[in-house]
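S.K.: Okay, here's the structure, questions in a sec.
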Amino acid sequence: MTIASFMDLALEQAEIAGRAGEVPVGCVIVRDGIVIARAGNRTLTDRDPTAHAEILALREAARVTGGERLTDCDLYVTLEPCTMCAGAISFARIRRLYYGAADPKGGAVESGVRFFAAPTCHHVPEIYPSVGERRAATLLRDFFKARR
């Protein structure tokens with residue numbers, strides 16, 4: 001599979017989340033070319049403010065691998081991670097982070113606090129922004145437009 005096809009899988013998770021009334025963000029984690037975890041936002045469904053797609057996928061990947069360090073894994077997410085998720089990505093030692101749409105309000109990678117640039121950040125993944133950006137941004141824009 002390719003980078004684009006992994007992001008397509010993350011976008012499918014975002015679409016599922018959106019249909020459930022959640023903010024449409026999706027994530028997949030890949031190890032050795034195989035998807036080992038996938039999730040969409042479930043904060044409303046789970047009544048859990050930490051149930052972001054990235055957190056849920058990281059939990060599943062840790063369960064699948066049997067360890068909290070995911071050093072040989074790549075994470076694909078449709079929206080720039082927030083501070084909480086960036087912290088979790090760092091603590092999990094994710095190798096590469098691919099994300100779709102930028103999030104000027106809540107993002108923490110290239111927006112906001114720029115978590116990975118902080119001197120207290122323990123691990124910085126390779127970062128690849130704007131992967132599938134147009135489709136991810138359209139999905140989010142359409143979701144919020146329908147809510148207004």
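Identifiers for the structure tokens are assigned positionally: chains receive A, B, ... in sequence, residues are indexed from 1 per chain, and ligands are indexed from 1 in the order shown.
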Name the residues in contact with A:Ser5 at a cut-off of 10 Å, using only C-alpha atoms, excluding same-chain residues fewer than 5 positions from it; report them as a short mmCIF file (atom, residue, chain, number, x, y, z; two decimals) with all heavy atoms, in the first residue's frame.

M.R.:
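The new file part-v6.cif reads:
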```cif
data_model
loop_
_atom_site.label_atom_id
_atom_site.label_comp_id
_atom_site.auth_asym_id
_atom_site.auth_seq_id
_atom_site.Cartn_x
_atom_site.Cartn_y
_atom_site.Cartn_z
N ALA A 10 -7.64 6.14 6.79
CA ALA A 10 -7.91 7.08 7.89
C ALA A 10 -9.13 7.93 7.56
O ALA A 10 -9.97 8.20 8.43
CB ALA A 10 -6.68 7.95 8.15
N LEU A 11 -9.25 8.35 6.32
CA LEU A 11 -10.41 9.14 5.90
C LEU A 11 -11.70 8.33 6.01
O LEU A 11 -12.75 8.88 6.37
CB LEU A 11 -10.21 9.68 4.49
CG LEU A 11 -9.23 10.86 4.41
CD1 LEU A 11 -8.67 11.00 3.00
CD2 LEU A 11 -9.89 12.13 4.87
N GLY A 132 -3.40 14.11 1.85
CA GLY A 132 -4.85 14.01 1.71
C GLY A 132 -5.58 15.23 2.26
O GLY A 132 -6.73 15.15 2.65
#
```

S.K.: Could you tell me, as number ranges by chain, which residues of stretch 48-138 of chain A DSSP assigns to helix (DSSP H, G or I) when given the backbone?

M.R.: A: 53-65, 83-92, 115-117, 133-138

S.K.: For atom CA of A:Leu79 and atom CA of A:Met1, determine how far apart the two atoms are, in Å to one decimal place.

M.R.: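 Between atom CA of A:Leu79 and atom CA of A:Met1 the gap works out to 20.8 Å.
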
S.K.: Measuring between only C-alpha atoms, which one of A:Val124, A:Ala57, A:Ala137, A:Ala39 shows the shortest distance to A:Ser90?

M.R.: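 Comparing A:Val124, A:Ala57, A:Ala137, A:Ala39 against A:Ser90, the winner is A:Val124.
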
S.K.: Extract, using only C-alpha atoms, all DNA, RNA and protein residues at most 10 Å from A:Asp142, discarding same-chain residues fewer than 4 positions from it, and format them as a PyMOL selection string.

M.R.: chain A and resi 18+24+137-138+146-147

S.K.: Taking 6 positions as the minimum chain separation for residues in the same chain, which residues sit within 7 Å of stretch 73-77 of chain A when counting only C-alpha atoms? Answer as a PyMOL selection string.

M.R.: chain A and resi 6-7+10+26-31+94-100

S.K.: May I have the residues from that selection written out with all heavy atoms, as a compact mmCIF listing (two decimals), in the first residue's frame?

M.R.:
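And here's result.txt as it stands now:
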```txt
# COMPACT_ATOMS: atom_id res chain seq x y z
N PHE A 6 -3.05 4.57 2.76
CA PHE A 6 -3.20 4.54 4.22
C PHE A 6 -4.02 5.74 4.70
O PHE A 6 -4.86 5.61 5.58
CB PHE A 6 -1.85 4.49 4.93
CG PHE A 6 -1.14 3.17 4.79
CD1 PHE A 6 0.15 3.11 4.33
CD2 PHE A 6 -1.79 1.97 5.12
CE1 PHE A 6 0.82 1.89 4.19
CE2 PHE A 6 -1.14 0.74 4.99
CZ PHE A 6 0.17 0.71 4.52
N MET A 7 -3.77 6.90 4.07
CA MET A 7 -4.57 8.07 4.45
C MET A 7 -6.02 7.88 4.03
O MET A 7 -6.93 8.32 4.73
CB MET A 7 -3.99 9.36 3.85
CG MET A 7 -4.70 10.61 4.35
SD MET A 7 -4.72 10.84 6.15
CE MET A 7 -3.09 11.51 6.41
N ALA A 10 -7.64 6.14 6.79
CA ALA A 10 -7.91 7.08 7.89
C ALA A 10 -9.13 7.93 7.56
O ALA A 10 -9.97 8.20 8.43
CB ALA A 10 -6.68 7.95 8.15
N GLY A 26 -10.16 10.68 11.57
CA GLY A 26 -9.84 9.26 11.55
C GLY A 26 -8.35 9.04 11.60
O GLY A 26 -7.56 9.90 11.21
N CYS A 27 -7.96 7.86 12.07
CA CYS A 27 -6.55 7.55 12.25
C CYS A 27 -6.31 6.07 11.98
O CYS A 27 -7.15 5.23 12.31
CB CYS A 27 -6.17 7.88 13.70
SG CYS A 27 -4.46 7.54 14.14
N VAL A 28 -5.17 5.77 11.38
CA VAL A 28 -4.70 4.39 11.28
C VAL A 28 -3.23 4.36 11.68
O VAL A 28 -2.50 5.34 11.50
CB VAL A 28 -4.87 3.76 9.87
CG1 VAL A 28 -6.33 3.67 9.48
CG2 VAL A 28 -4.08 4.48 8.82
N ILE A 29 -2.82 3.23 12.23
CA ILE A 29 -1.41 3.02 12.58
C ILE A 29 -0.93 1.82 11.80
O ILE A 29 -1.60 0.78 11.75
CB ILE A 29 -1.23 2.85 14.10
CG1 ILE A 29 -1.67 4.13 14.81
CG2 ILE A 29 0.22 2.49 14.42
CD1 ILE A 29 -1.58 4.09 16.32
N VAL A 30 0.24 1.99 11.19
CA VAL A 30 0.79 1.00 10.28
C VAL A 30 2.14 0.52 10.79
O VAL A 30 2.98 1.32 11.22
CB VAL A 30 0.95 1.62 8.87
CG1 VAL A 30 1.60 0.63 7.90
CG2 VAL A 30 -0.39 2.10 8.34
N ARG A 31 2.31 -0.80 10.72
CA ARG A 31 3.59 -1.42 11.09
C ARG A 31 3.96 -2.42 10.01
O ARG A 31 3.14 -3.28 9.67
CB ARG A 31 3.45 -2.11 12.44
CG ARG A 31 4.70 -2.78 12.93
CD ARG A 31 4.38 -3.47 14.25
NE ARG A 31 5.57 -3.90 14.91
CZ ARG A 31 5.56 -4.75 15.92
NH1 ARG A 31 4.42 -5.23 16.38
NH2 ARG A 31 6.69 -5.12 16.47
N ILE A 94 6.20 7.08 18.14
CA ILE A 94 5.80 6.84 16.74
C ILE A 94 6.93 7.29 15.82
O ILE A 94 7.52 8.35 16.02
CB ILE A 94 4.48 7.60 16.44
CG1 ILE A 94 3.30 6.94 17.15
CG2 ILE A 94 4.23 7.75 14.95
CD1 ILE A 94 2.91 5.57 16.60
N ARG A 95 7.21 6.49 14.81
CA ARG A 95 8.31 6.78 13.89
C ARG A 95 7.99 7.93 12.94
O ARG A 95 8.77 8.86 12.78
CB ARG A 95 8.63 5.52 13.07
CG ARG A 95 9.71 5.72 12.03
CD ARG A 95 10.04 4.45 11.30
NE ARG A 95 8.83 3.81 10.78
CZ ARG A 95 8.81 2.57 10.30
NH1 ARG A 95 9.90 1.83 10.29
NH2 ARG A 95 7.69 2.06 9.85
N ARG A 96 6.81 7.86 12.29
CA ARG A 96 6.42 8.89 11.32
C ARG A 96 4.98 9.30 11.56
O ARG A 96 4.13 8.44 11.81
CB ARG A 96 6.53 8.37 9.89
CG ARG A 96 7.94 8.06 9.45
CD ARG A 96 7.96 7.60 7.98
NE ARG A 96 9.22 6.99 7.69
CZ ARG A 96 9.42 5.68 7.58
NH1 ARG A 96 8.41 4.84 7.69
NH2 ARG A 96 10.62 5.20 7.32
N LEU A 97 4.72 10.59 11.45
CA LEU A 97 3.38 11.14 11.58
C LEU A 97 2.99 11.77 10.25
O LEU A 97 3.68 12.67 9.77
CB LEU A 97 3.36 12.21 12.68
CG LEU A 97 2.13 13.13 12.73
CD1 LEU A 97 0.86 12.34 12.99
CD2 LEU A 97 2.33 14.22 13.76
N TYR A 98 1.90 11.29 9.67
CA TYR A 98 1.33 11.85 8.46
C TYR A 98 -0.02 12.44 8.84
O TYR A 98 -0.82 11.75 9.47
CB TYR A 98 1.09 10.76 7.40
CG TYR A 98 2.34 10.05 6.95
CD1 TYR A 98 2.80 8.93 7.63
CD2 TYR A 98 3.03 10.48 5.82
CE1 TYR A 98 3.94 8.25 7.21
CE2 TYR A 98 4.18 9.80 5.39
CZ TYR A 98 4.62 8.69 6.10
OH TYR A 98 5.74 8.03 5.67
N TYR A 99 -0.25 13.69 8.48
CA TYR A 99 -1.58 14.23 8.76
C TYR A 99 -2.11 15.02 7.59
O TYR A 99 -1.35 15.51 6.76
CB TYR A 99 -1.61 15.03 10.07
CG TYR A 99 -0.91 16.36 10.07
CD1 TYR A 99 -1.56 17.52 9.66
CD2 TYR A 99 0.38 16.47 10.54
CE1 TYR A 99 -0.92 18.75 9.69
CE2 TYR A 99 1.03 17.69 10.58
CZ TYR A 99 0.37 18.83 10.16
OH TYR A 99 1.01 20.05 10.20
N GLY A 100 -3.45 15.11 7.54
CA GLY A 100 -4.14 15.75 6.42
C GLY A 100 -4.27 17.25 6.60
O GLY A 100 -3.36 18.01 6.29
```

S.K.: Please measure the separation of atom CA of A:Thr83 and atom CA of A:Ala102, giving the value in Å to one decimal.

M.R.: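 Taking atom CA of A:Thr83 and atom CA of A:Ala102, their separation equals 13.4 Å.
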
S.K.: Which residues are near A:Pro104? Cut-off 12 Å, only C-alpha atoms, ignore same chain within fewer than 4 positions. Put them as number ranges by chain.

M.R.: A: 79-82, 108-114

S.K.: Just the selected residues (N, CA, C and O atoms), exported as a PDB file, in the first residue's frame, please.

M.R.:
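Final file, out-v1.pdb:
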```pdb
ATOM      1  N   LEU A  79      -6.453  15.002  10.596  1.00  0.00           N
ATOM      2  CA  LEU A  79      -6.367  16.379  11.088  1.00  0.00           C
ATOM      3  C   LEU A  79      -5.113  16.527  11.934  1.00  0.00           C
ATOM      4  O   LEU A  79      -4.747  15.606  12.678  1.00  0.00           O
ATOM      5  N   GLU A  80      -4.490  17.667  11.849  1.00  0.00           N
ATOM      6  CA  GLU A  80      -3.308  17.964  12.663  1.00  0.00           C
ATOM      7  C   GLU A  80      -3.610  17.654  14.132  1.00  0.00           C
ATOM      8  O   GLU A  80      -4.583  18.147  14.683  1.00  0.00           O
ATOM      9  N   PRO A  81      -2.792  16.838  14.780  1.00  0.00           N
ATOM     10  CA  PRO A  81      -3.053  16.472  16.168  1.00  0.00           C
ATOM     11  C   PRO A  81      -3.041  17.659  17.129  1.00  0.00           C
ATOM     12  O   PRO A  81      -2.278  18.609  16.966  1.00  0.00           O
ATOM     13  N   CYS A  82      -3.893  17.541  18.151  1.00  0.00           N
ATOM     14  CA  CYS A  82      -3.941  18.533  19.234  1.00  0.00           C
ATOM     15  C   CYS A  82      -2.771  18.271  20.186  1.00  0.00           C
ATOM     16  O   CYS A  82      -2.013  17.308  20.012  1.00  0.00           O
ATOM     17  N   ALA A 108      -1.352  21.204  17.204  1.00  0.00           N
ATOM     18  CA  ALA A 108      -0.175  21.436  18.037  1.00  0.00           C
ATOM     19  C   ALA A 108       1.114  20.939  17.388  1.00  0.00           C
ATOM     20  O   ALA A 108       2.121  20.777  18.058  1.00  0.00           O
ATOM     21  N   VAL A 109       1.071  20.710  16.076  1.00  0.00           N
ATOM     22  CA  VAL A 109       2.265  20.247  15.384  1.00  0.00           C
ATOM     23  C   VAL A 109       2.935  21.427  14.691  1.00  0.00           C
ATOM     24  O   VAL A 109       4.047  21.815  15.055  1.00  0.00           O
ATOM     25  N   GLU A 110       2.265  22.006  13.720  1.00  0.00           N
ATOM     26  CA  GLU A 110       2.785  23.196  13.048  1.00  0.00           C
ATOM     27  C   GLU A 110       1.969  24.432  13.404  1.00  0.00           C
ATOM     28  O   GLU A 110       2.285  25.526  12.979  1.00  0.00           O
ATOM     29  N   SER A 111       0.921  24.243  14.178  1.00  0.00           N
ATOM     30  CA  SER A 111       0.078  25.343  14.656  1.00  0.00           C
ATOM     31  C   SER A 111       0.217  25.415  16.175  1.00  0.00           C
ATOM     32  O   SER A 111       0.827  24.539  16.793  1.00  0.00           O
ATOM     33  N   GLY A 112      -0.372  26.432  16.758  1.00  0.00           N
ATOM     34  CA  GLY A 112      -0.462  26.520  18.215  1.00  0.00           C
ATOM     35  C   GLY A 112       0.852  26.366  18.941  1.00  0.00           C
ATOM     36  O   GLY A 112       1.830  27.026  18.620  1.00  0.00           O
ATOM     37  N   VAL A 113       0.889  25.439  19.889  1.00  0.00           N
ATOM     38  CA  VAL A 113       2.053  25.297  20.770  1.00  0.00           C
ATOM     39  C   VAL A 113       3.253  24.620  20.101  1.00  0.00           C
ATOM     40  O   VAL A 113       4.341  24.610  20.685  1.00  0.00           O
ATOM     41  N   ARG A 114       3.059  24.042  18.945  1.00  0.00           N
ATOM     42  CA  ARG A 114       4.152  23.341  18.251  1.00  0.00           C
ATOM     43  C   ARG A 114       4.873  22.395  19.213  1.00  0.00           C
ATOM     44  O   ARG A 114       6.061  22.528  19.494  1.00  0.00           O
TER      45      ARG A 114
END
```

S.K.: Name the closest residue to A:Ala37 among the candidates A:His52, A:Arg63, A:Arg148, A:His122; distances are taken between atoms, counting only C-alpha atoms.

M.R.: A:Arg63

S.K.: Which one of A:Arg134, A:Arg38, A:Arg69, A:Arg93 sits closest to A:Glu54 if you count only C-alpha atoms?

M.R.: A:Arg38

S.K.: Please identify all polymer residues within 12 Å of A:Pro49, counting only C-alpha atoms, omitting same-chain residues fewer than 5 positions from it, and present them as a list in words.

M.R.: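 Once the nearby chain positions are removed, what remains is Glu22, Asn41, Arg42, Thr43, Leu44, Ile55, Leu56, Met84 and Cys85 of chain A.
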
S.K.: Output the selection as a PDB file, in the first residue's frame - all heavy atoms for each residue.

M.R.:
```pdb
ATOM      1  N   GLU A  22     -19.877  12.471  15.361  1.00  0.00           N
ATOM      2  CA  GLU A  22     -18.591  12.886  15.926  1.00  0.00           C
ATOM      3  C   GLU A  22     -17.876  13.816  14.945  1.00  0.00           C
ATOM      4  O   GLU A  22     -18.129  13.757  13.741  1.00  0.00           O
ATOM      5  CB  GLU A  22     -17.696  11.657  16.159  1.00  0.00           C
ATOM      6  CG  GLU A  22     -18.270  10.617  17.074  1.00  0.00           C
ATOM      7  CD  GLU A  22     -18.133  10.957  18.549  1.00  0.00           C
ATOM      8  OE1 GLU A  22     -17.533  11.997  18.893  1.00  0.00           O
ATOM      9  OE2 GLU A  22     -18.639  10.172  19.369  1.00  0.00           O
ATOM     10  N   ASN A  41     -12.876   9.459  15.808  1.00  0.00           N
ATOM     11  CA  ASN A  41     -13.239  10.139  17.051  1.00  0.00           C
ATOM     12  C   ASN A  41     -14.453   9.484  17.682  1.00  0.00           C
ATOM     13  O   ASN A  41     -15.403   9.104  16.984  1.00  0.00           O
ATOM     14  CB  ASN A  41     -13.571  11.605  16.774  1.00  0.00           C
ATOM     15  CG  ASN A  41     -12.348  12.497  16.799  1.00  0.00           C
ATOM     16  OD1 ASN A  41     -11.239  12.055  17.065  1.00  0.00           O
ATOM     17  ND2 ASN A  41     -12.559  13.765  16.531  1.00  0.00           N
ATOM     18  N   ARG A  42     -14.450   9.369  19.021  1.00  0.00           N
ATOM     19  CA  ARG A  42     -15.585   8.808  19.749  1.00  0.00           C
ATOM     20  C   ARG A  42     -15.830   9.555  21.057  1.00  0.00           C
ATOM     21  O   ARG A  42     -16.289   8.970  22.034  1.00  0.00           O
ATOM     22  CB  ARG A  42     -15.343   7.325  20.055  1.00  0.00           C
ATOM     23  CG  ARG A  42     -15.430   6.420  18.857  1.00  0.00           C
ATOM     24  CD  ARG A  42     -15.632   4.949  19.216  1.00  0.00           C
ATOM     25  NE  ARG A  42     -14.956   4.509  20.399  1.00  0.00           N
ATOM     26  CZ  ARG A  42     -13.935   3.631  20.419  1.00  0.00           C
ATOM     27  NH1 ARG A  42     -13.479   3.115  19.303  1.00  0.00           N
ATOM     28  NH2 ARG A  42     -13.395   3.264  21.563  1.00  0.00           N
ATOM     29  N   THR A  43     -15.526  10.836  21.092  1.00  0.00           N
ATOM     30  CA  THR A  43     -15.684  11.578  22.347  1.00  0.00           C
ATOM     31  C   THR A  43     -17.133  11.616  22.814  1.00  0.00           C
ATOM     32  O   THR A  43     -17.397  11.479  24.005  1.00  0.00           O
ATOM     33  CB  THR A  43     -15.132  13.010  22.237  1.00  0.00           C
ATOM     34  OG1 THR A  43     -15.816  13.689  21.189  1.00  0.00           O
ATOM     35  CG2 THR A  43     -13.641  13.007  21.962  1.00  0.00           C
ATOM     36  N   LEU A  44     -18.073  11.806  21.888  1.00  0.00           N
ATOM     37  CA  LEU A  44     -19.490  11.834  22.247  1.00  0.00           C
ATOM     38  C   LEU A  44     -20.014  10.434  22.551  1.00  0.00           C
ATOM     39  O   LEU A  44     -20.692  10.218  23.559  1.00  0.00           O
ATOM     40  CB  LEU A  44     -20.315  12.463  21.126  1.00  0.00           C
ATOM     41  CG  LEU A  44     -19.962  13.902  20.751  1.00  0.00           C
ATOM     42  CD1 LEU A  44     -20.725  14.328  19.515  1.00  0.00           C
ATOM     43  CD2 LEU A  44     -20.211  14.834  21.914  1.00  0.00           C
ATOM     44  N   ILE A  55      -5.688   8.782  20.020  1.00  0.00           N
ATOM     45  CA  ILE A  55      -5.557   8.116  21.312  1.00  0.00           C
ATOM     46  C   ILE A  55      -6.117   6.697  21.228  1.00  0.00           C
ATOM     47  O   ILE A  55      -5.496   5.734  21.690  1.00  0.00           O
ATOM     48  CB  ILE A  55      -6.281   8.919  22.423  1.00  0.00           C
ATOM     49  CG1 ILE A  55      -5.681  10.320  22.563  1.00  0.00           C
ATOM     50  CG2 ILE A  55      -6.280   8.153  23.747  1.00  0.00           C
ATOM     51  CD1 ILE A  55      -4.253  10.387  23.025  1.00  0.00           C
ATOM     52  N   LEU A  56      -7.291   6.567  20.618  1.00  0.00           N
ATOM     53  CA  LEU A  56      -7.913   5.246  20.494  1.00  0.00           C
ATOM     54  C   LEU A  56      -7.048   4.308  19.654  1.00  0.00           C
ATOM     55  O   LEU A  56      -6.884   3.132  19.991  1.00  0.00           O
ATOM     56  CB  LEU A  56      -9.314   5.378  19.905  1.00  0.00           C
ATOM     57  CG  LEU A  56     -10.307   6.178  20.758  1.00  0.00           C
ATOM     58  CD1 LEU A  56     -11.593   6.425  19.978  1.00  0.00           C
ATOM     59  CD2 LEU A  56     -10.585   5.492  22.085  1.00  0.00           C
ATOM     60  N   MET A  84      -2.790  17.146  23.292  1.00  0.00           N
ATOM     61  CA  MET A  84      -2.916  15.855  23.970  1.00  0.00           C
ATOM     62  C   MET A  84      -2.427  14.723  23.066  1.00  0.00           C
ATOM     63  O   MET A  84      -1.646  13.863  23.493  1.00  0.00           O
ATOM     64  CB  MET A  84      -4.379  15.612  24.367  1.00  0.00           C
ATOM     65  CG  MET A  84      -4.631  14.232  24.943  1.00  0.00           C
ATOM     66  SD  MET A  84      -6.365  13.926  25.344  1.00  0.00           S
ATOM     67  CE  MET A  84      -7.118  13.853  23.720  1.00  0.00           C
ATOM     68  N   CYS A  85      -2.878  14.739  21.830  1.00  0.00           N
ATOM     69  CA  CYS A  85      -2.515  13.661  20.904  1.00  0.00           C
ATOM     70  C   CYS A  85      -1.043  13.730  20.504  1.00  0.00           C
ATOM     71  O   CYS A  85      -0.388  12.692  20.382  1.00  0.00           O
ATOM     72  CB  CYS A  85      -3.430  13.700  19.689  1.00  0.00           C
ATOM     73  SG  CYS A  85      -5.146  13.287  20.122  1.00  0.00           S
TER      74      CYS A  85
END
```

S.K.: Write out as a PDB file with all heavy atoms, in the first residue's frame the residues lying within 8 Å of A:Val64, counting only C-alpha atoms and excluding same-chain residues fewer than 2 positions away.

M.R.:
```pdb
ATOM      1  N   ILE A  36      -2.370  -1.949  11.834  1.00  0.00           N
ATOM      2  CA  ILE A  36      -2.551  -2.695  13.088  1.00  0.00           C
ATOM      3  C   ILE A  36      -3.591  -2.044  13.999  1.00  0.00           C
ATOM      4  O   ILE A  36      -4.006  -2.646  14.993  1.00  0.00           O
ATOM      5  CB  ILE A  36      -1.223  -2.887  13.849  1.00  0.00           C
ATOM      6  CG1 ILE A  36      -0.607  -1.544  14.246  1.00  0.00           C
ATOM      7  CG2 ILE A  36      -0.258  -3.738  13.026  1.00  0.00           C
ATOM      8  CD1 ILE A  36       0.520  -1.664  15.256  1.00  0.00           C
ATOM      9  N   ALA A  37      -3.987  -0.819  13.671  1.00  0.00           N
ATOM     10  CA  ALA A  37      -5.010  -0.148  14.481  1.00  0.00           C
ATOM     11  C   ALA A  37      -5.692   0.904  13.631  1.00  0.00           C
ATOM     12  O   ALA A  37      -5.077   1.507  12.752  1.00  0.00           O
ATOM     13  CB  ALA A  37      -4.387   0.493  15.712  1.00  0.00           C
ATOM     14  N   GLU A  60      -5.045   0.794  20.785  1.00  0.00           N
ATOM     15  CA  GLU A  60      -5.200  -0.472  20.063  1.00  0.00           C
ATOM     16  C   GLU A  60      -3.853  -0.996  19.567  1.00  0.00           C
ATOM     17  O   GLU A  60      -3.563  -2.187  19.678  1.00  0.00           O
ATOM     18  CB  GLU A  60      -6.178  -0.300  18.899  1.00  0.00           C
ATOM     19  CG  GLU A  60      -6.377  -1.528  18.049  1.00  0.00           C
ATOM     20  CD  GLU A  60      -7.018  -2.708  18.775  1.00  0.00           C
ATOM     21  OE1 GLU A  60      -7.541  -2.534  19.894  1.00  0.00           O
ATOM     22  OE2 GLU A  60      -6.983  -3.821  18.224  1.00  0.00           O
ATOM     23  N   ALA A  61      -3.024  -0.110  19.034  1.00  0.00           N
ATOM     24  CA  ALA A  61      -1.712  -0.531  18.531  1.00  0.00           C
ATOM     25  C   ALA A  61      -0.843  -1.080  19.668  1.00  0.00           C
ATOM     26  O   ALA A  61      -0.139  -2.079  19.487  1.00  0.00           O
ATOM     27  CB  ALA A  61      -1.019   0.630  17.833  1.00  0.00           C
ATOM     28  N   ALA A  62      -0.906  -0.450  20.828  1.00  0.00           N
ATOM     29  CA  ALA A  62      -0.146  -0.939  21.981  1.00  0.00           C
ATOM     30  C   ALA A  62      -0.643  -2.320  22.397  1.00  0.00           C
ATOM     31  O   ALA A  62       0.148  -3.206  22.751  1.00  0.00           O
ATOM     32  CB  ALA A  62      -0.246   0.053  23.133  1.00  0.00           C
ATOM     33  N   GLY A  66       1.712  -5.426  22.091  1.00  0.00           N
ATOM     34  CA  GLY A  66       2.112  -5.884  23.417  1.00  0.00           C
ATOM     35  C   GLY A  66       3.063  -4.941  24.121  1.00  0.00           C
ATOM     36  O   GLY A  66       3.722  -5.319  25.088  1.00  0.00           O
TER      37      GLY A  66
END
```

S.K.: When you draw a straight line from atom CA of A:Lys105 to atom CA of A:Leu9, how long is it in Å?

M.R.: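 So the two atoms, atom CA of A:Lys105 and atom CA of A:Leu9, lie 24.8 Å apart.
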
S.K.: For A:Arg141, which residue out of A:Ala101, A:Arg59, A:Thr45, A:Asp32 is the nearest one, using only C-alpha atoms?

M.R.: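 Closest residue, counting only C-alpha atoms: A:Ala101.
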
S.K.: Once DSSP has gone over the backbone, tell me which residues of chain A are in strand (DSSP E), as a list in words.

M.R.: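 Residues of chain A classed as strand (DSSP E): Gly26, Cys27, Val28, Ile29, Val30, Arg31, Ile34, Val35, Ile36, Ala37, Arg38, Ala39, Gly40, Cys73, Asp74, Leu75, Tyr76, Val77, Thr78, Leu79, Arg96, Leu97, Tyr98, Tyr99, Gly100, Ala101, Glu126, Ile127 and Tyr128 of chain A.
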
S.K.: Please dump the current selection as a tab-separated table (two decimals), in the first residue's frame; keep C-alpha atoms.

M.R.:
```tsv
chain	number	residue	atom	x	y	z
A	26	GLY	CA	-9.84	9.26	11.55
A	27	CYS	CA	-6.55	7.55	12.25
A	28	VAL	CA	-4.70	4.39	11.28
A	29	ILE	CA	-1.41	3.02	12.58
A	30	VAL	CA	0.79	1.00	10.28
A	31	ARG	CA	3.59	-1.42	11.09
A	34	ILE	CA	0.09	-3.57	7.67
A	35	VAL	CA	-2.63	-1.60	9.45
A	36	ILE	CA	-2.55	-2.69	13.09
A	37	ALA	CA	-5.01	-0.15	14.48
A	38	ARG	CA	-7.74	2.15	13.22
A	39	ALA	CA	-10.17	4.50	14.89
A	40	GLY	CA	-12.36	7.53	14.46
A	73	CYS	CA	4.99	2.32	13.54
A	74	ASP	CA	3.65	5.15	11.39
A	75	LEU	CA	0.51	7.10	12.28
A	76	TYR	CA	-1.85	8.57	9.68
A	77	VAL	CA	-4.48	11.03	10.88
A	78	THR	CA	-6.83	13.27	8.92
A	79	LEU	CA	-6.37	16.38	11.09
A	96	ARG	CA	6.42	8.89	11.32
A	97	LEU	CA	3.38	11.14	11.58
A	98	TYR	CA	1.33	11.85	8.46
A	99	TYR	CA	-1.58	14.23	8.76
A	100	GLY	CA	-4.14	15.75	6.42
A	101	ALA	CA	-5.71	19.11	7.21
A	126	GLU	CA	9.27	12.45	11.21
A	127	ILE	CA	6.39	14.75	10.25
A	128	TYR	CA	4.60	14.80	6.90
```

S.K.: When you count only C-alpha atoms, which of these residues is closest to A:Thr71: A:Gly21, A:Asp46, A:Ala118, A:Pro125?

M.R.: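 Of all the options, A:Pro125 lies closest to A:Thr71.
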